[in-house]
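Everything on this sheet refers to the single structure shown next.
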Amino acid sequence: MKIVINGETCDVRAETLSELLEECGFSGRVATAVNENFVPSSLRIAHKLAEGDRVEVVAPMQGG
């Protein structure tokens, strides 16, 4: 299915947000939103993706 991840169109096999993070190699602590709605980590495994969804994944960075 085609979805947009961080502004880039991708063809993925994942059916849930959790599967998508694994498929795309995201690890550690990240924040996620689908179609501009925040999805907490506890709900990612059950959050089904649909064709055309816009997913944002943000990782915290250290620095000053």
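Going by the structure tokens order, chains are called A, B, ..., each with residues numbered from 1, while ligands are numbered from 1 in the order shown.
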Among the residues of chain A, find those DSSP assigns to alpha helix (DSSP H) from the backbone and print them as a PyMOL selection string. chain A and resi 17-23
Neighbours of Arg29 in chain A within 12 Å (only C-alpha atoms; same-chain residues fewer than 3 positions away dropped), as a ChimeraX atom specification? /A:21,26,32,40-41,57-61
All residues 10 Å or closer to Gly7 in chain A, only C-alpha atoms, same chain fewer than 2 positions away omitted, as a PyMOL selection string: chain A and resi 3-5+9-10+54-56
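Using only C-alpha atoms, the nearest neighbour of Leu43 in chain A within the list A:Gln62, A:Lys2, A:Ala31, A:Arg13 is A:Ala31.
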Correct to one decimal, the distance CA of Cys24 in chain A-CA of Ala46 in chain A is 17.6 Å
